[in-house]
>>> print(open('input27.csv').read())   # CSV, N, CA and C atoms
chain,number,residue,atom,x,y,z
G,1470,MET,N,-38.8,7.0,-42.1
G,1470,MET,CA,-40.1,7.4,-42.5
G,1470,MET,C,-40.0,8.4,-43.6
G,1471,PRO,N,-40.7,8.1,-44.8
G,1471,PRO,CA,-40.6,9.1,-45.9
G,1471,PRO,C,-41.1,10.5,-45.5
G,1472,ALA,N,-40.4,11.5,-46.1
G,1472,ALA,CA,-40.9,12.8,-45.9
G,1472,ALA,C,-41.6,13.2,-47.2
G,1473,SER,N,-42.5,14.2,-47.1
G,1473,SER,CA,-43.2,14.7,-48.3
G,1473,SER,C,-42.2,15.3,-49.3
G,1474,ASP,N,-42.5,15.0,-50.6
G,1474,ASP,CA,-41.6,15.6,-51.6
G,1474,ASP,C,-41.6,17.1,-51.6
G,1475,ALA,N,-42.8,17.7,-51.3
G,1475,ALA,CA,-42.9,19.2,-51.3
G,1475,ALA,C,-42.0,19.7,-50.1
G,1476,LEU,N,-42.0,19.0,-49.0
G,1476,LEU,CA,-41.2,19.4,-47.9
G,1476,LEU,C,-39.7,19.3,-48.1
G,1477,LEU,N,-39.3,18.1,-48.7
G,1477,LEU,CA,-37.9,17.9,-49.1
G,1477,LEU,C,-37.4,19.0,-50.1
G,1478,ALA,N,-38.3,19.3,-51.1
G,1478,ALA,CA,-37.9,20.3,-52.1
G,1478,ALA,C,-37.7,21.7,-51.5
G,1479,ALA,N,-38.6,22.0,-50.6
G,1479,ALA,CA,-38.6,23.4,-50.0
G,1479,ALA,C,-37.3,23.4,-49.0
G,1480,ALA,N,-37.1,22.4,-48.3
G,1480,ALA,CA,-35.9,22.3,-47.4
G,1480,ALA,C,-34.6,22.4,-48.1
G,1481,LYS,N,-34.6,21.7,-49.3
G,1481,LYS,CA,-33.3,21.8,-50.1
G,1481,LYS,C,-33.0,23.2,-50.5
G,1482,LEU,N,-34.0,24.0,-50.8
G,1482,LEU,CA,-33.8,25.4,-51.3
G,1482,LEU,C,-33.7,26.3,-50.1
G,1483,ASN,N,-33.8,25.8,-48.9
G,1483,ASN,CA,-33.9,26.6,-47.7
G,1483,ASN,C,-35.0,27.6,-47.7
G,1484,ASP,N,-36.1,27.2,-48.3
G,1484,ASP,CA,-37.3,28.0,-48.5
G,1484,ASP,C,-38.1,28.0,-47.2
G,1485,HIS,N,-38.5,29.2,-46.8
G,1485,HIS,CA,-39.2,29.3,-45.5
G,1485,HIS,C,-40.5,28.5,-45.5
G,1486,VAL,N,-41.0,28.1,-46.6
G,1486,VAL,CA,-42.2,27.2,-46.7
G,1486,VAL,C,-41.9,25.9,-45.9
G,1487,ALA,N,-40.7,25.4,-46.0
G,1487,ALA,CA,-40.4,24.2,-45.3
G,1487,ALA,C,-40.6,24.3,-43.8
G,1488,PHE,N,-40.2,25.4,-43.2
G,1488,PHE,CA,-40.5,25.7,-41.8
G,1488,PHE,C,-41.9,25.8,-41.5
G,1489,GLU,N,-42.7,26.4,-42.4
G,1489,GLU,CA,-44.1,26.6,-42.2
G,1489,GLU,C,-44.8,25.3,-42.3
G,1490,LEU,N,-44.4,24.4,-43.2
G,1490,LEU,CA,-45.0,23.1,-43.3
G,1490,LEU,C,-44.8,22.2,-42.1
G,1491,ILE,N,-43.6,22.2,-41.6
G,1491,ILE,CA,-43.2,21.5,-40.4
G,1491,ILE,C,-44.1,21.9,-39.2
G,1492,ASN,N,-44.2,23.2,-39.1
G,1492,ASN,CA,-45.0,23.8,-38.0
G,1492,ASN,C,-46.4,23.4,-38.1
G,1493,SER,N,-47.0,23.5,-39.3
G,1493,SER,CA,-48.4,23.2,-39.4
G,1493,SER,C,-48.7,21.7,-39.2
G,1494,TRP,N,-47.7,20.9,-39.6
G,1494,TRP,CA,-47.9,19.4,-39.5
G,1494,TRP,C,-47.5,18.9,-38.1
G,1495,SER,N,-46.7,19.6,-37.4
G,1495,SER,CA,-46.2,19.1,-36.1
G,1495,SER,C,-47.2,19.3,-34.9
G,1496,TYR,N,-48.0,20.3,-35.0
G,1496,TYR,CA,-48.8,20.7,-33.8
G,1496,TYR,C,-50.3,20.4,-34.1
G,1497,SER,N,-51.0,19.9,-33.1
G,1497,SER,CA,-52.4,19.7,-33.3
G,1497,SER,C,-53.1,21.0,-33.5
G,1498,ALA,N,-54.3,21.0,-34.1
G,1498,ALA,CA,-55.0,22.3,-34.4
G,1498,ALA,C,-55.2,23.1,-33.2
G,1499,GLY,N,-55.5,22.5,-32.0
G,1499,GLY,CA,-55.8,23.3,-30.8
G,1499,GLY,C,-54.6,24.0,-30.2
G,1500,LYS,N,-53.4,23.6,-30.6
G,1500,LYS,CA,-52.2,24.1,-30.1
G,1500,LYS,C,-51.5,25.1,-31.1
G,1501,GLN,N,-52.1,25.3,-32.2
G,1501,GLN,CA,-51.5,26.2,-33.2
G,1501,GLN,C,-51.7,27.7,-32.9
G,1502,LEU,N,-52.7,27.9,-32.1
G,1502,LEU,CA,-53.0,29.3,-31.6
G,1502,LEU,C,-53.4,29.2,-30.1
G,1503,GLY,N,-52.4,29.5,-29.3
G,1503,GLY,CA,-52.7,29.4,-27.8
G,1503,GLY,C,-52.5,28.0,-27.4
G,1504,GLY,N,-53.0,27.7,-26.2
G,1504,GLY,CA,-53.0,26.3,-25.7
G,1504,GLY,C,-51.7,26.0,-25.0
G,1505,ASN,N,-50.8,26.9,-24.9
G,1505,ASN,CA,-49.5,26.6,-24.2
G,1505,ASN,C,-49.8,26.7,-22.7
G,1506,GLN,N,-49.1,25.8,-21.9
G,1506,GLN,CA,-49.2,25.8,-20.5
G,1506,GLN,C,-48.7,27.1,-19.8
G,1507,VAL,N,-47.8,27.8,-20.6
G,1507,VAL,CA,-47.2,29.1,-20.1
G,1507,VAL,C,-48.0,30.2,-20.7
G,1508,PRO,N,-48.7,31.0,-20.0
G,1508,PRO,CA,-49.5,32.1,-20.5
G,1508,PRO,C,-48.6,33.0,-21.4
G,1509,GLY,N,-49.1,33.4,-22.5
G,1509,GLY,CA,-48.4,34.3,-23.4
G,1509,GLY,C,-47.4,33.7,-24.3
G,1510,MET,N,-47.1,32.4,-24.2
G,1510,MET,CA,-46.2,31.7,-25.1
G,1510,MET,C,-47.0,31.1,-26.3
G,1511,TRP,N,-46.3,31.1,-27.4
G,1511,TRP,CA,-46.9,30.7,-28.7
G,1511,TRP,C,-46.1,29.5,-29.2
G,1512,MET,N,-46.5,28.3,-29.1
G,1512,MET,CA,-45.7,27.1,-29.4
G,1512,MET,C,-45.2,27.2,-30.9
G,1513,THR,N,-46.1,27.4,-31.8
G,1513,THR,CA,-45.6,27.4,-33.2
G,1513,THR,C,-44.7,28.5,-33.5
G,1514,GLY,N,-45.0,29.7,-32.9
G,1514,GLY,CA,-44.1,30.8,-33.1
G,1514,GLY,C,-42.7,30.6,-32.6
G,1515,SER,N,-42.6,30.0,-31.4
G,1515,SER,CA,-41.3,29.6,-30.9
G,1515,SER,C,-40.6,28.6,-31.7
G,1516,ALA,N,-41.3,27.6,-32.2
G,1516,ALA,CA,-40.7,26.6,-33.0
G,1516,ALA,C,-40.2,27.1,-34.3
G,1517,LEU,N,-41.0,28.0,-34.9
G,1517,LEU,CA,-40.6,28.7,-36.1
G,1517,LEU,C,-39.3,29.4,-36.0
G,1518,ARG,N,-39.2,30.2,-34.9
G,1518,ARG,CA,-38.0,30.9,-34.7
G,1518,ARG,C,-36.7,30.0,-34.5
G,1519,LEU,N,-36.9,28.8,-33.9
G,1519,LEU,CA,-35.8,27.9,-33.7
G,1519,LEU,C,-35.4,27.3,-35.1
G,1520,LEU,N,-36.4,27.0,-35.9
G,1520,LEU,CA,-36.1,26.4,-37.2
G,1520,LEU,C,-35.4,27.5,-38.1
G,1521,GLU,N,-35.7,28.7,-37.9
G,1521,GLU,CA,-35.1,29.8,-38.7
G,1521,GLU,C,-33.6,30.0,-38.3
G,1522,ARG,N,-33.3,29.6,-37.1
G,1522,ARG,CA,-31.9,29.7,-36.7
G,1522,ARG,C,-31.0,28.6,-37.2
G,1523,ALA,N,-31.5,27.6,-37.8
G,1523,ALA,CA,-30.7,26.5,-38.3
G,1523,ALA,C,-29.9,27.0,-39.5
G,1524,ARG,N,-28.7,26.4,-39.6
G,1524,ARG,CA,-27.8,26.8,-40.7
G,1524,ARG,C,-28.5,26.2,-42.0
G,1525,PRO,N,-28.2,26.9,-43.1
G,1525,PRO,CA,-28.7,26.4,-44.4
G,1525,PRO,C,-28.3,24.9,-44.6
G,1526,GLY,N,-29.3,24.1,-45.1
G,1526,GLY,CA,-29.0,22.7,-45.4
G,1526,GLY,C,-29.2,21.7,-44.2
G,1527,VAL,N,-29.3,22.2,-43.0
G,1527,VAL,CA,-29.5,21.3,-41.8
G,1527,VAL,C,-30.8,20.6,-41.9
G,1528,LEU,N,-31.9,21.4,-42.1
G,1528,LEU,CA,-33.2,20.8,-42.2
G,1528,LEU,C,-33.3,19.8,-43.3
G,1529,HIS,N,-32.8,20.1,-44.5
G,1529,HIS,CA,-32.8,19.1,-45.6
G,1529,HIS,C,-32.1,17.9,-45.3
G,1530,THR,N,-30.9,18.0,-44.6
G,1530,THR,CA,-30.1,16.8,-44.3
G,1530,THR,C,-30.9,15.9,-43.3
G,1531,ASP,N,-31.5,16.6,-42.3
G,1531,ASP,CA,-32.3,15.8,-41.3
G,1531,ASP,C,-33.5,15.1,-42.0
G,1532,LEU,N,-34.2,15.8,-42.8
G,1532,LEU,CA,-35.4,15.2,-43.5
G,1532,LEU,C,-34.9,14.1,-44.5
G,1533,LEU,N,-33.8,14.3,-45.2
G,1533,LEU,CA,-33.3,13.3,-46.1
G,1533,LEU,C,-32.9,12.0,-45.4
G,1534,ALA,N,-32.3,12.2,-44.2
G,1534,ALA,CA,-32.0,11.0,-43.4
G,1534,ALA,C,-33.2,10.2,-43.0
G,1535,CYS,N,-34.3,10.9,-42.6
G,1535,CYS,CA,-35.6,10.3,-42.3
G,1535,CYS,C,-36.1,9.6,-43.5
G,1536,HIS,N,-36.1,10.3,-44.7
G,1536,HIS,CA,-36.7,9.8,-45.9
G,1536,HIS,C,-36.0,8.6,-46.5
G,1537,THR,N,-34.7,8.5,-46.3
G,1537,THR,CA,-33.9,7.4,-46.9
G,1537,THR,C,-33.7,6.2,-46.0
G,1538,TYR,N,-33.9,6.4,-44.7
G,1538,TYR,CA,-33.6,5.3,-43.7
G,1538,TYR,C,-34.6,4.2,-43.9
G,1539,SER,N,-34.2,3.0,-44.1
G,1539,SER,CA,-35.1,1.9,-44.4
G,1539,SER,C,-34.9,0.7,-43.5
G,1540,ALA,N,-34.1,0.8,-42.5
G,1540,ALA,CA,-33.8,-0.4,-41.6
G,1540,ALA,C,-34.6,-0.3,-40.3
G,1541,GLY,N,-35.6,0.5,-40.2
G,1541,GLY,CA,-36.3,0.7,-39.0
G,1541,GLY,C,-37.0,-0.6,-38.5
G,1542,LEU,N,-37.7,-1.3,-39.3
G,1542,LEU,CA,-38.3,-2.6,-38.9
G,1542,LEU,C,-37.3,-3.6,-38.5
G,1543,GLU,N,-36.3,-3.7,-39.2
G,1543,GLU,CA,-35.2,-4.7,-38.9
G,1543,GLU,C,-34.6,-4.3,-37.5
G,1544,ALA,N,-34.3,-3.1,-37.3
G,1544,ALA,CA,-33.7,-2.6,-36.1
G,1544,ALA,C,-34.7,-2.8,-34.9
G,1545,ALA,N,-36.0,-2.5,-35.1
G,1545,ALA,CA,-37.0,-2.7,-34.1
G,1545,ALA,C,-37.1,-4.1,-33.7
G,1546,SER,N,-37.0,-5.0,-34.6
G,1546,SER,CA,-37.2,-6.5,-34.3
G,1546,SER,C,-36.0,-7.0,-33.5
G,1547,GLY,N,-34.9,-6.2,-33.5
G,1547,GLY,CA,-33.7,-6.6,-32.7
G,1547,GLY,C,-33.7,-6.1,-31.3
G,1548,VAL,N,-34.6,-5.2,-31.0
G,1548,VAL,CA,-34.7,-4.6,-29.7
G,1548,VAL,C,-35.1,-5.7,-28.7
G,1549,CYS,N,-34.3,-5.9,-27.7
G,1549,CYS,CA,-34.6,-7.0,-26.7
G,1549,CYS,C,-34.9,-6.5,-25.3
G,1550,CYS,N,-35.1,-5.2,-25.1
G,1550,CYS,CA,-35.5,-4.7,-23.9
G,1550,CYS,C,-36.9,-4.0,-24.0
G,1551,PRO,N,-37.5,-3.8,-22.9
G,1551,PRO,CA,-38.8,-3.2,-23.0
G,1551,PRO,C,-38.7,-1.8,-23.7
G,1552,ALA,N,-39.7,-1.5,-24.5
G,1552,ALA,CA,-39.7,-0.2,-25.2
G,1552,ALA,C,-41.0,0.5,-25.0
G,1553,LEU,N,-40.9,1.8,-24.9
G,1553,LEU,CA,-42.1,2.7,-24.7
G,1553,LEU,C,-42.2,3.5,-26.0
G,1554,VAL,N,-43.4,3.5,-26.6
G,1554,VAL,CA,-43.8,4.2,-27.8
G,1554,VAL,C,-44.8,5.2,-27.4
G,1555,ILE,N,-44.6,6.5,-27.5
G,1555,ILE,CA,-45.5,7.6,-27.2
G,1555,ILE,C,-46.0,8.2,-28.5
G,1556,LEU,N,-47.3,8.2,-28.8
G,1556,LEU,CA,-47.8,8.7,-30.0
G,1556,LEU,C,-48.7,9.9,-29.7
G,1557,GLY,N,-48.8,10.8,-30.6
G,1557,GLY,CA,-49.8,11.9,-30.6
G,1557,GLY,C,-51.0,11.5,-31.4
G,1558,ALA,N,-52.2,11.5,-30.8
G,1558,ALA,CA,-53.4,11.1,-31.5
G,1558,ALA,C,-53.7,11.9,-32.8
G,1559,ARG,N,-53.2,13.1,-32.8
G,1559,ARG,CA,-53.5,14.0,-33.9
G,1559,ARG,C,-52.2,14.3,-34.7
G,1560,ASP,N,-51.3,13.4,-34.7
G,1560,ASP,CA,-50.0,13.6,-35.4
G,1560,ASP,C,-50.2,13.5,-36.9
G,1561,ILE,N,-49.9,14.6,-37.6
G,1561,ILE,CA,-50.0,14.6,-39.1
G,1561,ILE,C,-48.6,14.3,-39.7
G,1562,MET,N,-47.6,14.7,-39.0
G,1562,MET,CA,-46.2,14.6,-39.5
G,1562,MET,C,-45.9,13.1,-39.7
G,1563,ALA,N,-46.2,12.3,-38.6
G,1563,ALA,CA,-46.0,10.8,-38.6
G,1563,ALA,C,-47.2,10.2,-38.1
G,1564,PRO,N,-48.2,10.0,-38.9
G,1564,PRO,CA,-49.5,9.5,-38.4
G,1564,PRO,C,-49.4,8.1,-37.7
G,1565,ASN,N,-50.2,7.9,-36.8
G,1565,ASN,CA,-50.1,6.7,-36.0
G,1565,ASN,C,-50.2,5.4,-36.8
G,1566,ARG,N,-50.9,5.4,-37.9
G,1566,ARG,CA,-51.0,4.2,-38.8
G,1566,ARG,C,-49.7,3.9,-39.4
G,1567,SER,N,-48.8,4.9,-39.5
G,1567,SER,CA,-47.5,4.6,-40.1
G,1567,SER,C,-46.5,4.0,-39.1
G,1568,ALA,N,-46.9,4.0,-37.8
G,1568,ALA,CA,-46.1,3.4,-36.8
G,1568,ALA,C,-46.5,2.0,-36.4
G,1569,ARG,N,-47.6,1.5,-37.0
G,1569,ARG,CA,-48.1,0.2,-36.6
G,1569,ARG,C,-47.1,-1.0,-36.8
G,1570,ALA,N,-46.5,-1.0,-38.0
G,1570,ALA,CA,-45.5,-2.1,-38.3
G,1570,ALA,C,-44.3,-2.0,-37.4
G,1571,LEU,N,-43.8,-0.8,-37.1
G,1571,LEU,CA,-42.7,-0.7,-36.2
G,1571,LEU,C,-43.0,-1.1,-34.8
G,1572,ILE,N,-44.2,-0.8,-34.4
G,1572,ILE,CA,-44.7,-1.2,-33.0
G,1572,ILE,C,-44.8,-2.7,-33.0
G,1573,GLU,N,-45.4,-3.3,-34.0
G,1573,GLU,CA,-45.5,-4.7,-34.0
G,1573,GLU,C,-44.2,-5.4,-34.0
G,1574,ALA,N,-43.2,-4.8,-34.6
G,1574,ALA,CA,-41.8,-5.4,-34.6
G,1574,ALA,C,-41.1,-5.5,-33.3
G,1575,LEU,N,-41.6,-4.6,-32.4
G,1575,LEU,CA,-41.0,-4.6,-31.0
G,1575,LEU,C,-41.5,-5.8,-30.2
G,1576,ALA,N,-40.6,-6.5,-29.6
G,1576,ALA,CA,-41.1,-7.7,-28.8
G,1576,ALA,C,-41.8,-7.4,-27.6
G,1577,ASP,N,-41.3,-6.4,-26.8
G,1577,ASP,CA,-41.8,-6.1,-25.5
G,1577,ASP,C,-42.1,-4.6,-25.5
G,1578,LYS,N,-43.3,-4.2,-25.8
G,1578,LYS,CA,-43.6,-2.8,-25.9
G,1578,LYS,C,-44.8,-2.3,-25.1
G,1579,ARG,N,-44.8,-1.0,-24.8
G,1579,ARG,CA,-46.0,-0.4,-24.2
G,1579,ARG,C,-46.2,0.8,-25.1
G,1580,VAL,N,-47.5,1.0,-25.5
G,1580,VAL,CA,-47.8,2.1,-26.4
G,1580,VAL,C,-48.8,3.1,-25.6
G,1581,VAL,N,-48.4,4.3,-25.6
G,1581,VAL,CA,-49.2,5.4,-25.0
G,1581,VAL,C,-49.6,6.4,-26.1
G,1582,THR,N,-50.9,6.7,-26.2
G,1582,THR,CA,-51.3,7.6,-27.2
G,1582,THR,C,-51.9,8.8,-26.4
G,1583,LEU,N,-51.3,10.0,-26.7
G,1583,LEU,CA,-51.8,11.2,-26.0
G,1583,LEU,C,-52.9,11.9,-26.9
G,1584,ALA,N,-54.0,12.1,-26.3
G,1584,ALA,CA,-55.2,12.7,-26.9
G,1584,ALA,C,-54.9,14.1,-27.3
G,1585,ASP,N,-55.5,14.6,-28.4
G,1585,ASP,CA,-55.4,16.0,-28.7
G,1585,ASP,C,-53.9,16.5,-28.8
G,1586,THR,N,-53.1,15.6,-29.3
G,1586,THR,CA,-51.6,16.0,-29.4
G,1586,THR,C,-51.1,15.6,-30.8
G,1587,GLY,N,-50.3,16.5,-31.4
G,1587,GLY,CA,-49.7,16.2,-32.7
G,1587,GLY,C,-48.3,15.6,-32.5
G,1588,HIS,N,-47.4,15.9,-33.4
G,1588,HIS,CA,-46.1,15.4,-33.5
G,1588,HIS,C,-45.2,16.0,-32.4
G,1589,ALA,N,-45.4,17.2,-32.0
G,1589,ALA,CA,-44.6,17.9,-31.0
G,1589,ALA,C,-45.1,17.5,-29.6
G,1590,LEU,N,-44.9,16.3,-29.3
G,1590,LEU,CA,-45.4,15.7,-28.0
G,1590,LEU,C,-44.9,16.5,-26.8
G,1591,MET,N,-43.6,16.7,-26.7
G,1591,MET,CA,-43.1,17.3,-25.5
G,1591,MET,C,-43.4,18.8,-25.4
G,1592,ALA,N,-43.7,19.4,-26.5
G,1592,ALA,CA,-44.1,20.8,-26.4
G,1592,ALA,C,-45.6,21.0,-26.1
G,1593,GLU,N,-46.4,20.1,-26.6
G,1593,GLU,CA,-47.8,20.2,-26.4
G,1593,GLU,C,-48.3,19.6,-25.1
G,1594,GLN,N,-47.7,18.5,-24.7
G,1594,GLN,CA,-48.1,17.8,-23.4
G,1594,GLN,C,-46.9,17.3,-22.7
G,1595,PRO,N,-46.0,18.2,-22.2
G,1595,PRO,CA,-44.8,17.8,-21.5
G,1595,PRO,C,-45.1,17.0,-20.2
G,1596,ASP,N,-46.1,17.3,-19.5
G,1596,ASP,CA,-46.4,16.6,-18.3
G,1596,ASP,C,-46.9,15.2,-18.6
G,1597,ALA,N,-47.7,15.0,-19.6
G,1597,ALA,CA,-48.2,13.7,-20.0
G,1597,ALA,C,-47.0,12.8,-20.5
G,1598,VAL,N,-46.1,13.4,-21.2
G,1598,VAL,CA,-44.9,12.6,-21.7
G,1598,VAL,C,-44.1,12.2,-20.5
G,1599,LEU,N,-43.9,13.1,-19.6
G,1599,LEU,CA,-43.1,12.8,-18.4
G,1599,LEU,C,-43.8,11.7,-17.5
G,1600,ASP,N,-45.1,11.8,-17.4
G,1600,ASP,CA,-45.9,10.8,-16.7
G,1600,ASP,C,-45.7,9.4,-17.3
G,1601,ALA,N,-45.8,9.4,-18.6
G,1601,ALA,CA,-45.7,8.1,-19.3
G,1601,ALA,C,-44.3,7.5,-19.1
G,1602,LEU,N,-43.3,8.4,-19.2
G,1602,LEU,CA,-41.9,7.9,-18.9
G,1602,LEU,C,-41.7,7.4,-17.5
G,1603,ARG,N,-42.2,8.1,-16.6
G,1603,ARG,CA,-42.1,7.7,-15.1
G,1603,ARG,C,-42.8,6.4,-14.9
G,1604,GLU,N,-44.0,6.3,-15.4
G,1604,GLU,CA,-44.8,5.0,-15.2
G,1604,GLU,C,-44.1,3.8,-15.9
G,1605,PHE,N,-43.5,4.1,-17.0
G,1605,PHE,CA,-42.8,3.0,-17.8
G,1605,PHE,C,-41.5,2.6,-17.0
G,1606,LEU,N,-40.8,3.5,-16.5
G,1606,LEU,CA,-39.5,3.2,-15.8
G,1606,LEU,C,-39.8,2.7,-14.4
>>> encode(input="input27.csv", output="structure tokens")
Amino acid sequence: MPASDALLAAAKLNDHVAFELINSWSYSAGKQLGGNQVPGMWMTGSALRLLERARPGVLHTDLLACHTYSAGLEAASGVCCPALVILGARDIMAPNRSARALIEALADKRVVTLADTGHALMAEQPDAVLDALREFL
């Protein structure tokens, strides 16, 4: 999936703006301030600190791999086992509409969309992700 040019450029320079963009695009609005299941924990603050610990160039390498990978549809069409796709209804980083073709390429799929959730599914709704996995398995 292509990454934003602004995000790629900031990540290449190890500019803190890259971390800030990822954080603002990864979490739903309701989770950007509070909303954590653990009282006193701040999801975006914790994520920002983790991103800051990455070695220079790591984020750019990761984003560039996402940006240049083009075999996703072909790979998905070759999946012959049941697949579970979990989406965040408020995902800005990878909007649901961008996953449609990939989902359609899967022969046997189940799609679960988590309401009021952004790209950081496991941080925002860990129990809902676990429930979807358990039900699928």
>>> atom_distance(input="input27.csv", atom1="atom CA of Ala1534 of chain G", atom2="atom CA of Ala1478 of chain G")
14.0 Å
>>> residues_around(input="input27.csv", residues="Glu1604 of chain G", least_positions_apart="4", cutoff="12 Å", atoms="only C-alpha atoms", output="list in words")
Leu1553, Arg1579, Val1580, Val1581, Ala1597, Val1598, Leu1599 and Asp1600 of chain G
>>> select_by_dssp(input="input27.csv", residues="segment 1478-1603 of chain G", states="strand (DSSP E or B)", output="list of chain:residue names")
G:Ala1552, G:Leu1553, G:Val1554, G:Ile1555, G:Leu1556, G:Gly1557, G:Lys1578, G:Arg1579, G:Val1580, G:Val1581, G:Thr1582, G:Leu1583
>>> atom_distance(input="input27.csv", atom1="atom C of Ile1491 of chain G", atom2="atom N of Leu1519 of chain G")
11.3 Å
>>> closest_residue(input="input27.csv", among="G:Ala1570, G:Leu1583, G:Ala1475, G:Leu1482", to="Val1527 of chain G", atoms="only C-alpha atoms")
G:Leu1482
>>> select_by_dssp(input="input27.csv", residues="chain G", states="helix (DSSP H, G or I)", output="JSON, numbers by chain")
{"G": [1474, 1475, 1476, 1477, 1478, 1479, 1480, 1481, 1485, 1486, 1487, 1488, 1489, 1490, 1491, 1492, 1493, 1494, 1495, 1498, 1499, 1500, 1512, 1513, 1514, 1515, 1516, 1517, 1518, 1519, 1520, 1521, 1527, 1528, 1529, 1530, 1531, 1532, 1533, 1534, 1535, 1536, 1537, 1541, 1542, 1543, 1544, 1545, 1546, 1565, 1566, 1567, 1568, 1569, 1570, 1571, 1572, 1573, 1574, 1590, 1591, 1592, 1593, 1595, 1596, 1597, 1598, 1599, 1600, 1601, 1602, 1603, 1604, 1605]}
>>> atom_distance(input="input27.csv", atom1="atom CA of Asp1560 of chain G", atom2="atom C of Glu1593 of chain G")
12.0 Å
>>> closest_residue(input="input27.csv", among="G:Ala1523, G:Val1507, G:Ala1584, G:His1529", to="Ala1479 of chain G", atoms="only C-alpha atoms")
G:His1529
>>> closest_residue(input="input27.csv", among="G:Arg1524, G:His1536, G:His1485, G:Lys1500", to="Ser1473 of chain G", atoms="all atoms listed in the file")
G:His1536
